[in-house]
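Chemist: What follows is a structure written as structure tokens; I'll ask about it next.
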Protein chains: 6
Amino acid sequence: MRLSTPQFQRIEQSKNFEIYFGGSEANVAVALAQWHVGSKHVSQLPDNELGVAALQAVKQYGVDVSHIKTEGKRIGIYFYEHGNTWRSPKVVYDRYHSAFSYLKPETFNWEEILEGVNWFHWSGITPAISQTAAHACLEALKVAKQKNIIVSGDINYRRVLWQYGKVPSEVMPELISYTDWVIGGVSDFENCFNLKANREEPFEETCKKVQSTFNNVKYIAKTIRELSEGSVNHLTGVLWNGQKLYQSKLYHIAETVDRIGTGDAFMAGLVYGALHKKLDKEIIEFATSAAVLKHTIPGDVLCAKLQEIEDIATNNNIGKLLR
Amino acid sequence: MRLSTPQFQRIEQSKNFEIYFGGSEANVAVALAQWHVGSKHVSQLPDNELGVAALQAVKQYGVDVSHIKTEGKRIGIYFYEHGNTWRSPKVVYDRYHSAFSYLKPETFNWEEILEGVNWFHWSGITPAISQTAAHACLEALKVAKQKNIIVSGDINYRRVLWQYGKVPSEVMPELISYTDWVIGGVSDFENCFNLKANREEPFEETCKKVQSTFNNVKYIAKTIRELSEGSVNHLTGVLWNGQKLYQSKLYHIAETVDRIGTGDAFMAGLVYGALHKKLDKEIIEFATSAAVLKHTIPGDVLCAKLQEIEDIATNNNIGKLLR
Amino acid sequence: MRLSTPQFQRIEQSKNFEIYFGGSEANVAVALAQWHVGSKHVSQLPDNELGVAALQAVKQYGVDVSHIKTEGKRIGIYFYEHGNTWRSPKVVYDRYHSAFSYLKPETFNWEEILEGVNWFHWSGITPAISQTAAHACLEALKVAKQKNIIVSGDINYRRVLWQYGKVPSEVMPELISYTDWVIGGVSDFENCFNLKANREEPFEETCKKVQSTFNNVKYIAKTIRELSEGSVNHLTGVLWNGQKLYQSKLYHIAETVDRIGTGDAFMAGLVYGALHKKLDKEIIEFATSAAVLKHTIPGDVLCAKLQEIEDIATNNNIGKLLR
Amino acid sequence: MRLSTPQFQRIEQSKNFEIYFGGSEANVAVALAQWHVGSKHVSQLPDNELGVAALQAVKQYGVDVSHIKTEGKRIGIYFYEHGNTWRSPKVVYDRYHSAFSYLKPETFNWEEILEGVNWFHWSGITPAISQTAAHACLEALKVAKQKNIIVSGDINYRRVLWQYGKVPSEVMPELISYTDWVIGGVSDFENCFNLKANREEPFEETCKKVQSTFNNVKYIAKTIRELSEGSVNHLTGVLWNGQKLYQSKLYHIAETVDRIGTGDAFMAGLVYGALHKKLDKEIIEFATSAAVLKHTIPGDVLCAKLQEIEDIATNNNIGKLLR
Amino acid sequence: MRLSTPQFQRIEQSKNFEIYFGGSEANVAVALAQWHVGSKHVSQLPDNELGVAALQAVKQYGVDVSHIKTEGKRIGIYFYEHGNTWRSPKVVYDRYHSAFSYLKPETFNWEEILEGVNWFHWSGITPAISQTAAHACLEALKVAKQKNIIVSGDINYRRVLWQYGKVPSEVMPELISYTDWVIGGVSDFENCFNLKANREEPFEETCKKVQSTFNNVKYIAKTIRELSEGSVNHLTGVLWNGQKLYQSKLYHIAETVDRIGTGDAFMAGLVYGALHKKLDKEIIEFATSAAVLKHTIPGDVLCAKLQEIEDIATNNNIGKLLR
Amino acid sequence: MRLSTPQFQRIEQSKNFEIYFGGSEANVAVALAQWHVGSKHVSQLPDNELGVAALQAVKQYGVDVSHIKTEGKRIGIYFYEHGNTWRSPKVVYDRYHSAFSYLKPETFNWEEILEGVNWFHWSGITPAISQTAAHACLEALKVAKQKNIIVSGDINYRRVLWQYGKVPSEVMPELISYTDWVIGGVSDFENCFNLKANREEPFEETCKKVQSTFNNVKYIAKTIRELSEGSVNHLTGVLWNGQKLYQSKLYHIAETVDRIGTGDAFMAGLVYGALHKKLDKEIIEFATSAAVLKHTIPGDVLCAKLQEIEDIATNNNIGKLLR
């Protein structure tokens with residue numbers, strides 16, 4: 001559950017919070033469901049009114065929630081303050097002891113859950129939260145591999161979340177060894193794989209190093225965000241397919257309505273692209289366009305139609321009043 | 001009635017709508033009334049609470065509403081979602097079967113209504129809505145012509161509104177043949193007059209073609225809007241007086257509070273300018289400044305004082321904190 | 001879609017509407033889904049953002065929406081103003097030409113939809129809206145009867161909705177002839193069946209008259225609402241099972257948060273009771289408690305847990321601060 | 001301008017104010033205009049944006065505002081906090097030095113303003129605000145009397161407003177000596193006329209005493225408000241016509257949405273009744289019903305249709321959901 | 001931190017939370033500070049923006065916060081849904097692992113904190129939260145006793161909060177043995193002291209039993225709340241001074257704006273009364289009036305002036321519009 | 001008290017005001033208190049609920065308010081409308097007859113207030129408001145000088161506020177003659193000292209002229225604001241230390257959340273810098289960064305941590321999502 005201050009109020013100033021529900025993997029599932037890609041979300045929510053609200057927030061988009069367990073006492077919360085120009089956006093986490101952190105490997109019957117599934121996505125938030133969540137994630141990956149399901153993993157490294165006594169490099173490499181599509185950048189790799197990279201080297205070189213360690217990895221993608229004058233974001237997406245690096249157009253985003261979930265929108269775009277696009281360059285353009293569009297939409301999830309993303313990818317109708 | 005989502009929420013996400021009342025011709029009348037140009041609005045509103053609210057919204061600015069009829073079951077509605085950067089603003093129309101669409105030529109006694117009037121303004125929304133509305137408009141124009149009233153018409157072509165079985169080129173030419181001031185651009189002329197224009201040709205050429213068909217037309221004006229990076233609007237106004245094309249300064253509008261009604265603000269500015277300015281170049285600068293200012297004001301109507309528009313036209317005090 | 005004025009503002013005064021989605025049958029389905037009674041909703045929604053929002057509003061509660069069609073141009077709207085003490089609550093309908101009104105008998109494959117279903121519910125709103133909706137309803141009832149599905153019908157007579165040229169007594173009797181559970185009162189029966197009733201006679205007598213005409217009818221239920229001093233509602237439910245009239249406790253409701261949907265909550269309570277309660281007196285107590293609770297909850301749907309309704313039926317914990 | 005705290009927040013707690021415009025005489029004019037009684041409002045407003053807003057608030061209802069002057073620096077403000085049960089509603093005045101307080105007798109050309117008028121209404125707020133306002137009021141009364149216009153005066157005694165050095169008994173008697181309809185109760189008369197009344201005596205006796213001093217007075221009316229348990233208002237209206245005291249039904253108002261303007265609604269009801277009703281008992285029932293209805297409506301003005309007031313007077317449809 | 005749903009929305013429905021800060025002891029301190037009784041609050045808050053906001057919420061009323069520590073990761077939260085008529089108000093706690101629960105006995109230097117203090121107040125929430133909080137409370141009580149400070153303790157038994165492995169009867173008796181003023185009722189005593197009471201016996205008898213165990217206890221007080229028809233609260237306060245039981249008037253509260261903090265308002269009223277009133281019957285009337293007034297005020301704290309409470313105690317001005 | 005329209009609404013359009021409290025000197029005190037610089041605010045507030053609210057707004061930040069007097073009838077108000085792109089922000093003052101304007105030289109015991117103080121700050125608003133306020137300010141300055149307290153004065157020239165009959169050049173020079181740090185620009189000096197400056201001359205020259213008249217002045221600082229395209233602010237700070245002019249980086253501020261209080265944030269930054277920074281160039285960079293950050297924060301006060309300002313001064317982390 002995200003609790004945001006309205007408009008540009010600071011957390012200390014605010015008398016109201018806006019409520020949004022989201023989560024890295026849930027955001028991907030919701031985006032795909034809107035684009036008619038059947039998706040299910042597997043998680044654990046507390047047995048209280050907030051768990052019900054979170055469940056409904058995912059269910060309303062048509063995501064299959066039949067494998068979400070209801071157990072535990074609290075929902076993970078984060079407080080969010082929008083930034084603008086010279087003030088950075090800010091997250092205050094309050095996720096300790098969430099229902100999710102108490103999920104156990106035996107909570108889920110992965111054989112059953114993954115039956116008939118052709119893509120499995122996980123994010124690095126899950127193994128960061130608790131030892132048991134990390135185990136459950138590994139368990140799922142093993143079953144997915146047996147079933148020849150494509151696996152994507154968004155590294156999503158957040159230093160402050162790793163509080164249960166392990167460092168990422170003790171946990172992440174094994175998870176990555178089951179993963180086909182890896183989303184991450186140099187600092188993610190450094191922190192999670194102890195990769196020795198040179199930040200100045202071309203991304204191709206870094207990708208090759210990742211693949212030399214994890215030869216199961218087929219694709220590596222990330223977005224590159226540059227900032228100018230405190231507020232304008234310049235966004236490009238890149239996709240390495242093991243042989244060539246494809247790069248999207250550079251998108252200038254003069255102001256941002258909501259920064260949260262842009263990485264998940266990118267991820268959803270990659271999955272959609274991989275399933276529906278012919279060319280890798282189309283995949284990365286679509287995924288980056290999805291990330292760009294998320295900057296304009298409040299909340300954690302990308303509430304958008306396919307056509308809107310295609311329009312950005314092809315620079316069609318942008319800024320015109322649509323009637 | 002416009003129902004807008006708050007801030008940048010999408011229609012699907014929203015739990016509240018903001019209510020605004022407006023309409024192309026009403027917006028012109030309201031702007032002029034604020035600038036002490038006596039104006040009356042002629043229309044038809046439903047006999048319910050929403051009709052009352054719409055009437056009050058116009059009446060509060062001092063527009064004469066004594067010729068608005070109250071009959072019919074529903075008010076025309078449109079739903080509006082603001083755009084930002086890479087997301088376009090969006091209108092969802094719900095105007096079918098509005099009270100307005102049922103107005104009849106005999107509803108209004110134009111002889112009486114137009115007594116003592118020196119300017120009559122119509123927009124292309126009216127003949128688009130229904131056959132009877134188109135007839136009523138034509139009726140008014142004929143009477144206006146007899147009385148030597150100056151007539152302006154804003155073509156305002158909206159493809160989706162023309163649903164009653166006629167295409168614009170069957171209806172609009174006759175209306176334009178009574179019109180002195182035409183507001184429109186190349187695509188309006190193509191769609192409404194079957195004009196064969198070349199979009200690359202200078203606007204002067206297009207204007208001459210219009211005048212060669214409609215030799216009653218004395219002035220042609222439009223705004224030119226260019227967009228950069230999805231969000232910055234660059235606006236200029238142009239005015240053709242039959243001999244020369246006057247062009248306003250180019251205004252950069254880095255962000256838009258409300259796009260709706262900017263054309264009507266331009267129209268009101270033309271009428272005001274024609275009545276109070278000496279030079280055509282002053283008219284177009286004033287009208288374009290009115291359009292520019294409307295981008296900064298929420299709602300359909302230009303709620304602004306004359307001095308504020310003059311300040312933009314002369315680049316006076318812009319951005320300074322006024323105390 | 002309901003558009004309500006905030007708090008106690010009048011429609012003419014309001015600058016914002018709160019958005020709620022509901023509909024007589026949808027409200028019943030949503031309530032039952034929350035109580036773990038699998039339910040599906042069959043309807044037609046427009047192919048625009050408002051149709052999407054309406055769909056999500058039902059889907060989030062877990063109602064099966066796979067048989068809702070997307071076709072047509074507008075969603076039916078009603079505007080709502082809460083009442084208080086000496087001011088009555090008020091509805092302004094704007095439902096003409098809704099997507100729903102254009103549904104056609106052939107729109108739905110009832111054989112397939114009703115496969116495996118054990119209860120079918122319709123309301124008198126549907127046959128009131130359009131001839132084709134009435135036909136579709138009849139079609140469904142015939143199939144339901146063949147499949148030995150229990151049928152309930154809430155007469156819900158609303159004079160102003162019957163606008164397509166038929167009077168209820170031309171349409172409703174045939175629909176009732178397929179119905180096991182009828183919800184309605186004396187004036188419903190008078191208007192829809194031309195029943196000659198005496199409003200002073202005991203309700204048992206009226207029920208017997210209904211059954212003498214429609215011998216398929218097994219149960220008849222209604223709520224009795226009395227008002228004192230303009231604001232206090234006194235509510236009782238009654239249930240006739242063909243032999244005996246059961247009456248719930250009398251509930252005093254000192255103030256009402258939301259009057260809309262109380263009848264649908266009662267209906268959902270009857271269905272739940274019929275499926276899960278042993279005794280008819282338990283059924284009517286549960287159903288009436290559901291209606292009572294709805295008065296305290298904003299929106300069209302009864303957002304409530306089973307236990308909360310049982311607590312009212314047994315007068316447990318009422319008014320205590322629950323922690 | 002009224003600035004109210006939202007809902008039941010205290011002034012110290014509040015982060016927002018709701019804006020309403022009203023004033024004793026303006027409220028009467030607005031109510032009458034809605035009931036198709038042509039009315040004009042005469043006042044003075046500051047030459048700033050708040051003056052504009054106040055003007056529009058009156059103009060939107062169709063009141064003639066052509067005699068409102070624009071001069072002075074500030075608008076009179078009061079801050080308002082709603083009460084509930086054991087907490088009283090509260091007004092904090094900030095009216096000193098308002099534009100209105102600076103109006104001068106010569107500001108208005110009463111001969112012209114009152115031409116063709118058949119009823120003039122003043123309230124005791126005006127002479128309380130400043131010496132010049134008191135003079136202007138007296139000036140108007142003299143002209144009204146010459147023109148045989150019916151005059152009503154609502155005493156509206158507010159101790160804290162009399163700050164300019166005069167006490168009411170130095171000012172009010174002369175104003176009352178031009179007044180046909182007096183609205184007030186025993187304590188008003190004591191404070192403003194030095195009337196020696198016995199609060200236990202029948203109101204008839206008090207009325208006779210008033211008439212013995214002011215033999216021009218034809219009607220005396222007031223509302224009697226009793227409170228029980230801190231929150232329930234019991235309201236009756238009484239009207240003395242010089243011979244008989246008529247009393248309305250006793251209305252129980254279990255909760256109050258907005259207490260402000262109930263006296264002005266009563267006054268408007270008296271004027272309407274005097275102009276359109278045959279019998280004095282109908283007048284007082286109508287006026288009291290108007291006051292009752294005002295309790296249910298937010299803001300200073302009675303935003304209501306005639307039929308709604310008639311329904312209360314005849315106890316028709318109260319509490320029923322109107323569709 | 002309390003997060004409340006706006007108006008009567010359910011937690012599952014809500015898209016916004018209102019933010020209030022409070023806590024049993026803080027509420028008492030804030031009320032007293034407003035009445036010019038110097039008070040300090042001793043607690044522990046997290047080192048983040050929410051801790052800052054909580055601190056400011058107390059500091060703004062003039063409570064001395066210099067002994068509040070800033071340490072720990074999260075603020076205790078509870079979610080709150082207002083009840084109405086047949087729906088009970090509801091609290092969902094999310095207090096586990098709050099910064100407060102980690103306070104340690106050595107956190108505070110009670111010798112210094114209690115220097116010059118003449119009253120110390122604790123509530124049963126503190127020892128319920130964690131073992132260390134219970135120890136810290138005991139530590140404070142011992143020092144208070146040495147310094148001859150009057151001690152009050154509000155038992156405030158909340159079953160769901162006792163989660164750290166002790167039951168109240170293992171912890172509370174020792175704390176009570178240092179306490180002069182005990183606030184609680186029969187079920188509090190049963191749960192916390194294993195008192196064998198008979199709920200039907202006069203409260204005097206129960207009080208005597210408490211005093212026979214804890215002969216240090218000088219005063220025992222509580223409020224008695226009865227509910228009728230789900231919504232009307234009937235409140236009385238009682239005070240046992242060791243010899244006689246004083247009872248306040250019975251207050252009927254027809255509707256409740258905010259139920260939270262009414263017990264703390266009562267407590268603050270007792271402290272104020274004990275310090276400033278001569279007679280025990282005045283103390284209990286004042287304290288009960290404070291509790292009554294809190295029902296009308298949003299938020300956790302009693303934002304009110306002394307005079308307002310005196311007015312309730314003496315039934316002065318209630319329901320009148322104060323100007 | 002500031003009353004702002006929400007978002008970009010115009011004052012005439014608005015139905016709500018947002019409430020903020022601030023004042024030039026109070027804003028400085030609040031900022032410093034947040035940075036752990038002990039500060040006290042000396043002022044006069046009305047004895048009503050708005051005075052209480054204003055006091056709490058300052059007190060919550062830990063400013064010492066023990067020398068604020070409570071006397072007088074009204075709080076000074078200003079109405080504020082945010083600007084955007086081509087629309088300027090706008091202030092409508094309503095400060096006449098505020099409690100503050102009635103403060104008297106004898107109101108404050110400066111000897112006592114300034115005991116142990118090492119910096120005294122005044123702004124040019126105070127002597128603008130009333131003769132007595134100007135006297136009180138002068139009184140304070142004399143005592144400060146005797147006690148060797150550093151004095152800063154922000155000229156803050158606002159033409160419309162000087163209404164009591166004096167012009168600034170009659171009042172300000174004496175005040176400046178006690179001031180060490182002067183904040184102001186060329187036009188301030190022209191208006192307040194009758195300084196003959198050339199706006200084209202380097203600011204060093206102007207500073208030297210000021211110092212030649214007021215040889216007590218040690219530092220002169222100001223911000224330079226340039227605007228482009230109506231909305232982008234380009235801000236630099238300059239500081240003259242009597243020998244050299246230091247200039248901060250140039251900050252581009254693409255959009256402004258709140259323009260009010262940016263000068264006070266600059267002032268607070270100067271005080272903080274003077275007390276904690278070694279080098280003059282660090283002082284001006286810090287102060288300008290504080291002003292820049294204020295543009296991003298709603299309200300009158302700079303609600304911000306020291307680190308956030310240091311981050312801007314060193315261009316660290318700007319625009320990154322902080323977790």
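In the structure tokens, chains take letters A, B, ... by order of appearance, with residues numbered from 1 within each chain and ligands from 1 in the order shown.
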Determine which residues of chain D sit within 8 Å of chain C, taking into account only C-alpha atoms, and present them as a PyMOL selection string.
Modeler: chain D and resi 251-255+257+292-293+296-298+303+308+312+317-323
Chemist: Run DSSP on the backbone and give me the residues of region 62-225 of chain A it puts in strand (DSSP E or B), as a PyMOL selection string.
Modeler: chain A and resi 64+69-70+77-81+84+87+90-94+119-123+150-154+181-183+219-225
Chemist: I'd like the interatomic distance between CA of Glu205 (chain A) and CA of Leu275 (chain A), to a tenth of an Å.
Modeler: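 Computed distance, CA of Glu205 (chain A) to CA of Leu275 (chain A), equals 26.8 Å.
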Chemist: Using only C-alpha atoms, which protein or nucleic acid residues come within 9 Å of Lys305 (chain C)? Drop anything in the same chain fewer than 5 positions from it, and give the result as number ranges by chain.
Modeler: C: 31, 34-35
Chemist: Mind checking which residues fall within 8 Å of Gly237 (chain E), counting only C-alpha atoms, ignoring those fewer than 3 positions away in the same chain, and posting them as an MDAnalysis selection string?
Modeler: chainID E and resid 221:224 247:249 284:285 287:288
Chemist: Mind checking which residues fall within 12 Å of Tyr164 (chain C), counting only C-alpha atoms, ignoring those fewer than 5 positions away in the same chain, and posting them as a list in words?
Modeler: Tyr96, His97, Ser101, Tyr102, Pro127, Ala128, Ile129, Ser130, Gln131, Thr132, Ala133, Ala134, Arg159 and Val171 of chain C
Chemist: Would you write out those residues with all heavy atoms, as a compact mmCIF listing (two decimals), in the first residue's frame?
Modeler:
# COMPACT_ATOMS: atom_id res chain seq x y z
N TYR C 96 -31.53 7.38 -20.91
CA TYR C 96 -32.01 7.15 -22.28
C TYR C 96 -30.84 6.81 -23.18
O TYR C 96 -29.78 7.40 -23.09
CB TYR C 96 -32.74 8.38 -22.80
CG TYR C 96 -33.86 8.77 -21.89
CD1 TYR C 96 -33.73 9.86 -21.03
CD2 TYR C 96 -35.02 7.99 -21.82
CE1 TYR C 96 -34.75 10.19 -20.15
CE2 TYR C 96 -36.03 8.32 -20.93
CZ TYR C 96 -35.89 9.42 -20.10
OH TYR C 96 -36.87 9.74 -19.22
N HIS C 97 -31.06 5.85 -24.06
CA HIS C 97 -30.08 5.51 -25.08
C HIS C 97 -28.80 4.94 -24.49
O HIS C 97 -27.76 5.01 -25.12
CB HIS C 97 -29.79 6.72 -25.97
CG HIS C 97 -31.02 7.30 -26.60
ND1 HIS C 97 -31.67 6.69 -27.64
CD2 HIS C 97 -31.75 8.39 -26.30
CE1 HIS C 97 -32.73 7.39 -27.96
NE2 HIS C 97 -32.82 8.44 -27.16
N SER C 101 -29.70 -0.27 -22.91
CA SER C 101 -31.03 -0.24 -23.54
C SER C 101 -31.01 -0.84 -24.94
O SER C 101 -32.05 -1.17 -25.47
CB SER C 101 -31.56 1.20 -23.57
OG SER C 101 -30.87 1.96 -24.55
N TYR C 102 -29.81 -0.95 -25.51
CA TYR C 102 -29.72 -1.49 -26.86
C TYR C 102 -29.39 -2.98 -26.88
O TYR C 102 -29.12 -3.53 -27.93
CB TYR C 102 -28.68 -0.72 -27.67
CG TYR C 102 -29.14 0.67 -28.05
CD1 TYR C 102 -28.66 1.80 -27.40
CD2 TYR C 102 -30.09 0.84 -29.06
CE1 TYR C 102 -29.10 3.07 -27.74
CE2 TYR C 102 -30.53 2.11 -29.41
CZ TYR C 102 -30.04 3.23 -28.75
OH TYR C 102 -30.49 4.48 -29.09
N PRO C 127 -36.84 -4.83 -17.86
CA PRO C 127 -37.92 -4.70 -18.84
C PRO C 127 -38.44 -3.27 -18.97
O PRO C 127 -39.15 -2.97 -19.95
CB PRO C 127 -39.00 -5.64 -18.31
CG PRO C 127 -38.66 -5.86 -16.88
CD PRO C 127 -37.18 -5.74 -16.77
N ALA C 128 -38.13 -2.40 -18.04
CA ALA C 128 -38.58 -1.00 -18.15
C ALA C 128 -37.76 -0.21 -19.15
O ALA C 128 -38.24 0.75 -19.74
CB ALA C 128 -38.51 -0.32 -16.78
N ILE C 129 -36.53 -0.61 -19.36
CA ILE C 129 -35.58 0.21 -20.12
C ILE C 129 -35.85 0.20 -21.62
O ILE C 129 -35.82 1.24 -22.28
CB ILE C 129 -34.14 -0.28 -19.84
CG1 ILE C 129 -33.73 0.07 -18.41
CG2 ILE C 129 -33.14 0.26 -20.84
CD1 ILE C 129 -33.67 1.53 -18.10
N SER C 130 -36.12 -0.99 -22.19
CA SER C 130 -36.40 -1.03 -23.64
C SER C 130 -37.08 -2.34 -23.98
O SER C 130 -37.03 -3.31 -23.21
CB SER C 130 -35.09 -0.90 -24.45
OG SER C 130 -34.30 -2.06 -24.31
N GLN C 131 -37.69 -2.35 -25.13
CA GLN C 131 -38.39 -3.54 -25.60
C GLN C 131 -37.42 -4.71 -25.73
O GLN C 131 -37.72 -5.84 -25.33
CB GLN C 131 -39.03 -3.22 -26.96
CG GLN C 131 -39.79 -4.36 -27.57
CD GLN C 131 -41.02 -4.71 -26.74
OE1 GLN C 131 -42.01 -3.99 -26.71
NE2 GLN C 131 -40.96 -5.83 -26.01
N THR C 132 -36.24 -4.43 -26.26
CA THR C 132 -35.30 -5.53 -26.48
C THR C 132 -34.76 -6.05 -25.16
O THR C 132 -34.54 -7.26 -25.01
CB THR C 132 -34.15 -5.09 -27.41
OG1 THR C 132 -33.54 -3.92 -26.85
CG2 THR C 132 -34.66 -4.78 -28.80
N ALA C 133 -34.57 -5.17 -24.20
CA ALA C 133 -34.12 -5.63 -22.89
C ALA C 133 -35.18 -6.53 -22.26
O ALA C 133 -34.88 -7.55 -21.64
CB ALA C 133 -33.79 -4.45 -21.99
N ALA C 134 -36.45 -6.14 -22.43
CA ALA C 134 -37.54 -6.96 -21.90
C ALA C 134 -37.54 -8.34 -22.57
O ALA C 134 -37.70 -9.37 -21.90
CB ALA C 134 -38.87 -6.25 -22.13
N ARG C 159 -41.96 4.42 -12.36
CA ARG C 159 -42.82 4.96 -13.41
C ARG C 159 -42.04 5.67 -14.51
O ARG C 159 -42.24 5.43 -15.69
CB ARG C 159 -43.85 5.92 -12.80
CG ARG C 159 -45.00 6.27 -13.74
CD ARG C 159 -45.95 7.27 -13.09
NE ARG C 159 -45.23 8.40 -12.55
CZ ARG C 159 -44.69 9.39 -13.30
NH1 ARG C 159 -44.83 9.37 -14.61
NH2 ARG C 159 -44.03 10.37 -12.73
N VAL C 171 -46.11 -6.28 -19.93
CA VAL C 171 -44.81 -6.95 -19.99
C VAL C 171 -44.53 -7.81 -18.77
O VAL C 171 -44.04 -8.94 -18.87
CB VAL C 171 -43.70 -5.87 -20.13
CG1 VAL C 171 -42.33 -6.49 -20.09
CG2 VAL C 171 -43.91 -5.05 -21.39
Chemist: Which residues are close to Glu25 (chain F), i.e. within 8 Å by only C-alpha atoms, leaving aside same-chain residues fewer than 5 positions away? Reply as a PyMOL selection string.
Modeler: chain F and resi 41+121-123+264
Chemist: Just want the 9 Å neighbourhood of region 182-184 of chain A, counted on only C-alpha atoms, with same-chain residues fewer than 6 positions away dropped. Output as a list of chain:residue names.
Modeler: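 Those residues are A:Val151, A:Ser152, A:Gly153, A:Asp154, A:Ile155, A:Asn156, A:Tyr157, A:Ile176, A:Val217, A:Lys218, A:Tyr219, A:Ile220, A:Ala221, A:Lys222, A:Thr223, A:Met267.
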Chemist: From a DSSP pass on the backbone, collect the residues of region 31-102 of chain E flagged as helix (DSSP H, G or I) and hand them back as a list in words.
Modeler: Ala31, Leu32, Ala33, Gln34, Glu49, Leu50, Gly51, Val52, Ala53, Ala54, Leu55, Gln56, Ala57, Val58, Lys59, Phe100, Ser101 and Tyr102 of chain E
Chemist: Looking at only C-alpha atoms, which of A:Glu310, A:Asn315, A:Gln56, A:Ser43 is the one that sits closest to Lys277 (chain A)?
Modeler: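 Closest to Lys277 (chain A) of all the choices is A:Glu310.
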